[in-house]
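Novice: I'd like to ask some things about the structure below.
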Amino acid sequence: MRTAALIGVQFRYEQGVFWRNIGAAFFAFTFPVLLFVLFAALFSDSAAAAFNGVKGIEYYAPVIAAYGVMSACFVNPALTVTFRRETGLLKKVRGTALPAAAYFGGLAASAAVNAAVIVALILLVGTAGYGARLPADWPAFLVTLIVGAAAFCSIGLAVSALIPNFDAAPAIVNLVFLVLLVISGGFYPVASSSVPGRIAMVFPVQHLLLAASAAFGAGPRTAGFPWWHVAVVAGWGAAAFVFALRFFRWTPR
């Protein structure tokens with residue numbers, strides 16, 4: 001109970017810090033929405049074979065929603081943790097009585113709430129502005145996003161341990177994320193039989209996109225929901241968590 005209460009305290013602190021920087025907060029929420037609007041304007045009525053026979057808006061609604069989760073739970077925490085480590089803030093936190101679980105739990109909870117807001121905005125814009133459908137399988141959609149948020153928070157923490165300094169952090173984090181997003185079909189469908197598609201299947205980004213699309217009813221028709229995509233994302237999250245426990249640094253080099 002004490003740790004849970006401290007997570008709540010840290011969560012409120014993280015939200016306060018996040019909203020204090022209005023420009024960054026505005027960009028974090030508006031960029032996924034603007035990206036969604038751009039793709040919806042270009043492909044909303046398209047139902048080409050590249051989109052598995054569904055309209056473009058039905059393809060991009062779950063994909064950009066999943067993108068928002070990954071951006072809020074991977075990119076932002078990885079950059080934040082690296083910045084605080086290199087400026088000495090993590091070293092100071094380590095010297096206090098605040099448990100590490102409470103500190104990172106509050107950080108992850110704040111990222112998850114931001115991700116939920118982004119998903120809600122995508123669904124609102126998609127349904128109100130473009131007539132997109134809501135998820136066909138709400139339980140699967142929610143489980144997919146929750147597992148994705150937890151997994152990518154762990155991955156962001158693990159990646160921060162590999163970043164040498166904050167100057168290199170934006171380039172490393174954004175480059176890795178954008179490359180995986182492109183080859184995983186985050187901007188335009190990529191054939192699973194192609195070389196980029198086969199490479200993407202190794203990483204969790206494509207599995208989260210496919211799971212979200214399947215829950216939306218926009219993915220390939222299967223006998224049931226492909227839970228193995230969610231399992232792959234969870235496996236990556238668990239492996240990243242173990243890696244972070246072993247190699248995470250509280251102090252700058």
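So you can find residues: chains in the structure tokens are A, B, ... in the order shown, residues in each start at 1, and ligands are numbered from 1 in order.
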Any chance you could list, as a count of residues only, the residues in region 2-206 of chain A that come up helix (DSSP H, G or I) when DSSP is run on the backbone?

Specialist: 159

Novice: How close does each residue of region 31-123 of chain A get to region 203-208 of chain A, giving the shortest atom pair and distance in Å to one decimal for every residue with an atom at most 10 Å away, counting only C-alpha atoms, sorted by chain and residue number, as a tab-separated table?

Specialist:
residue	atom	partner	partner_atom	distance
A:Pro62	CA	A:Leu208	CA	9.8
A:Val63	CA	A:Leu208	CA	8.7
A:Ala66	CA	A:Leu208	CA	6.8
A:Tyr67	CA	A:Val205	CA	8.7
A:Val69	CA	A:Leu208	CA	9.7
A:Met70	CA	A:Val205	CA	8.1

Novice: Report as a tab-separated table: every residue of region 144-193 of chain A with an atom at most 10 Å from region 74-81 of chain A, its closest pair of atoms, and their distance in Å to one decimal, counting only C-alpha atoms, with rows sorted by chain and ascending residue number.

Specialist:
residue	atom	partner	partner_atom	distance
A:Gly148	CA	A:Phe74	CA	9.9
A:Ala149	CA	A:Phe74	CA	8.2
A:Ala150	CA	A:Phe74	CA	9.5
A:Ala151	CA	A:Phe74	CA	8.8
A:Phe152	CA	A:Phe74	CA	5.0
A:Cys153	CA	A:Phe74	CA	5.4
A:Ser154	CA	A:Phe74	CA	7.9
A:Ile155	CA	A:Phe74	CA	6.6
A:Gly156	CA	A:Phe74	CA	4.6
A:Leu157	CA	A:Ala78	CA	5.8
A:Ala158	CA	A:Ala78	CA	8.2
A:Val159	CA	A:Ala78	CA	6.7
A:Ser160	CA	A:Ala78	CA	5.2
A:Ala161	CA	A:Ala78	CA	9.0
A:Ile163	CA	A:Ala78	CA	9.2
A:Phe166	CA	A:Leu79	CA	7.6
A:Ala168	CA	A:Leu79	CA	9.9
A:Ala169	CA	A:Leu79	CA	6.2
A:Pro170	CA	A:Leu79	CA	6.8
A:Ile172	CA	A:Leu79	CA	9.8
A:Val173	CA	A:Val75	CA	6.3
A:Asn174	CA	A:Val75	CA	7.0
A:Val176	CA	A:Val75	CA	9.9
A:Phe177	CA	A:Val75	CA	7.8

Novice: Could the residues in this selection be saved with N, CA and C atoms as a PDB file, in the first residue's frame?

Specialist:
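As written to disk, out05.pdb reads:
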ATOM      1  N   GLY A 148       0.737  -3.229 -24.592  1.00  0.00           N
ATOM      2  CA  GLY A 148       1.679  -2.434 -25.377  1.00  0.00           C
ATOM      3  C   GLY A 148       2.271  -1.296 -24.578  1.00  0.00           C
ATOM      4  N   ALA A 149       1.446  -0.615 -23.791  1.00  0.00           N
ATOM      5  CA  ALA A 149       1.945   0.494 -22.974  1.00  0.00           C
ATOM      6  C   ALA A 149       2.968   0.005 -21.958  1.00  0.00           C
ATOM      7  N   ALA A 150       2.653  -1.091 -21.268  1.00  0.00           N
ATOM      8  CA  ALA A 150       3.581  -1.620 -20.269  1.00  0.00           C
ATOM      9  C   ALA A 150       4.880  -2.099 -20.916  1.00  0.00           C
ATOM     10  N   ALA A 151       4.753  -2.799 -22.048  1.00  0.00           N
ATOM     11  CA  ALA A 151       5.934  -3.339 -22.711  1.00  0.00           C
ATOM     12  C   ALA A 151       6.839  -2.233 -23.225  1.00  0.00           C
ATOM     13  N   PHE A 152       6.265  -1.206 -23.849  1.00  0.00           N
ATOM     14  CA  PHE A 152       7.105  -0.164 -24.428  1.00  0.00           C
ATOM     15  C   PHE A 152       7.670   0.771 -23.371  1.00  0.00           C
ATOM     16  N   CYS A 153       7.031   0.863 -22.214  1.00  0.00           N
ATOM     17  CA  CYS A 153       7.673   1.581 -21.101  1.00  0.00           C
ATOM     18  C   CYS A 153       8.941   0.838 -20.676  1.00  0.00           C
ATOM     19  N   SER A 154       8.857  -0.490 -20.587  1.00  0.00           N
ATOM     20  CA  SER A 154      10.030  -1.287 -20.232  1.00  0.00           C
ATOM     21  C   SER A 154      11.107  -1.179 -21.298  1.00  0.00           C
ATOM     22  N   ILE A 155      10.689  -1.206 -22.567  1.00  0.00           N
ATOM     23  CA  ILE A 155      11.661  -1.101 -23.658  1.00  0.00           C
ATOM     24  C   ILE A 155      12.337   0.266 -23.631  1.00  0.00           C
ATOM     25  N   GLY A 156      11.576   1.310 -23.372  1.00  0.00           N
ATOM     26  CA  GLY A 156      12.169   2.639 -23.280  1.00  0.00           C
ATOM     27  C   GLY A 156      13.185   2.733 -22.167  1.00  0.00           C
ATOM     28  N   LEU A 157      12.885   2.099 -21.033  1.00  0.00           N
ATOM     29  CA  LEU A 157      13.821   2.093 -19.905  1.00  0.00           C
ATOM     30  C   LEU A 157      15.091   1.333 -20.268  1.00  0.00           C
ATOM     31  N   ALA A 158      14.926   0.208 -20.974  1.00  0.00           N
ATOM     32  CA  ALA A 158      16.086  -0.584 -21.377  1.00  0.00           C
ATOM     33  C   ALA A 158      16.945   0.172 -22.385  1.00  0.00           C
ATOM     34  N   VAL A 159      16.303   0.827 -23.338  1.00  0.00           N
ATOM     35  CA  VAL A 159      17.053   1.578 -24.352  1.00  0.00           C
ATOM     36  C   VAL A 159      17.816   2.731 -23.721  1.00  0.00           C
ATOM     37  N   SER A 160      17.244   3.354 -22.694  1.00  0.00           N
ATOM     38  CA  SER A 160      17.939   4.468 -22.039  1.00  0.00           C
ATOM     39  C   SER A 160      19.268   4.020 -21.445  1.00  0.00           C
ATOM     40  N   ALA A 161      19.355   2.736 -21.066  1.00  0.00           N
ATOM     41  CA  ALA A 161      20.615   2.222 -20.516  1.00  0.00           C
ATOM     42  C   ALA A 161      21.697   2.109 -21.578  1.00  0.00           C
ATOM     43  N   ILE A 163      21.983   4.356 -24.150  1.00  0.00           N
ATOM     44  CA  ILE A 163      22.296   5.682 -24.705  1.00  0.00           C
ATOM     45  C   ILE A 163      23.451   6.297 -23.930  1.00  0.00           C
ATOM     46  N   PHE A 166      22.828  12.487 -23.386  1.00  0.00           N
ATOM     47  CA  PHE A 166      21.546  13.026 -23.835  1.00  0.00           C
ATOM     48  C   PHE A 166      21.624  13.613 -25.238  1.00  0.00           C
ATOM     49  N   ALA A 168      22.950  12.339 -27.750  1.00  0.00           N
ATOM     50  CA  ALA A 168      22.704  11.256 -28.697  1.00  0.00           C
ATOM     51  C   ALA A 168      21.315  10.660 -28.554  1.00  0.00           C
ATOM     52  N   ALA A 169      20.613  10.968 -27.468  1.00  0.00           N
ATOM     53  CA  ALA A 169      19.334  10.322 -27.172  1.00  0.00           C
ATOM     54  C   ALA A 169      18.274  10.556 -28.247  1.00  0.00           C
ATOM     55  N   PRO A 170      17.973  11.813 -28.642  1.00  0.00           N
ATOM     56  CA  PRO A 170      16.917  12.008 -29.648  1.00  0.00           C
ATOM     57  C   PRO A 170      17.203  11.274 -30.956  1.00  0.00           C
ATOM     58  N   ILE A 172      19.116   8.550 -31.496  1.00  0.00           N
ATOM     59  CA  ILE A 172      19.034   7.095 -31.348  1.00  0.00           C
ATOM     60  C   ILE A 172      17.588   6.639 -31.201  1.00  0.00           C
ATOM     61  N   VAL A 173      16.863   7.265 -30.280  1.00  0.00           N
ATOM     62  CA  VAL A 173      15.492   6.832 -29.987  1.00  0.00           C
ATOM     63  C   VAL A 173      14.581   7.034 -31.190  1.00  0.00           C
ATOM     64  N   ASN A 174      14.605   8.229 -31.776  1.00  0.00           N
ATOM     65  CA  ASN A 174      13.703   8.509 -32.895  1.00  0.00           C
ATOM     66  C   ASN A 174      14.066   7.740 -34.149  1.00  0.00           C
ATOM     67  N   VAL A 176      15.567   4.709 -34.344  1.00  0.00           N
ATOM     68  CA  VAL A 176      15.140   3.316 -34.163  1.00  0.00           C
ATOM     69  C   VAL A 176      13.627   3.197 -34.281  1.00  0.00           C
ATOM     70  N   PHE A 177      12.917   4.107 -33.633  1.00  0.00           N
ATOM     71  CA  PHE A 177      11.459   4.036 -33.629  1.00  0.00           C
ATOM     72  C   PHE A 177      10.885   4.246 -35.027  1.00  0.00           C
TER      73      PHE A 177
END

Novice: Between A:Phe26, A:Tyr103, A:Phe43, A:Phe36, single out the one closest to Val125 (chain A), counting only C-alpha atoms.

Specialist: A:Phe36

Novice: Tell me which protein, DNA and RNA residues are within 10 Å of region 185-191 of chain A, counting only C-alpha atoms, leaving out same-chain ones fewer than 2 positions away, and put them as number ranges by chain.

Specialist: A: 35-36, 39, 49-52, 56, 59-60, 62-64, 66-67, 178-183, 193-198, 200, 205-206, 209-210
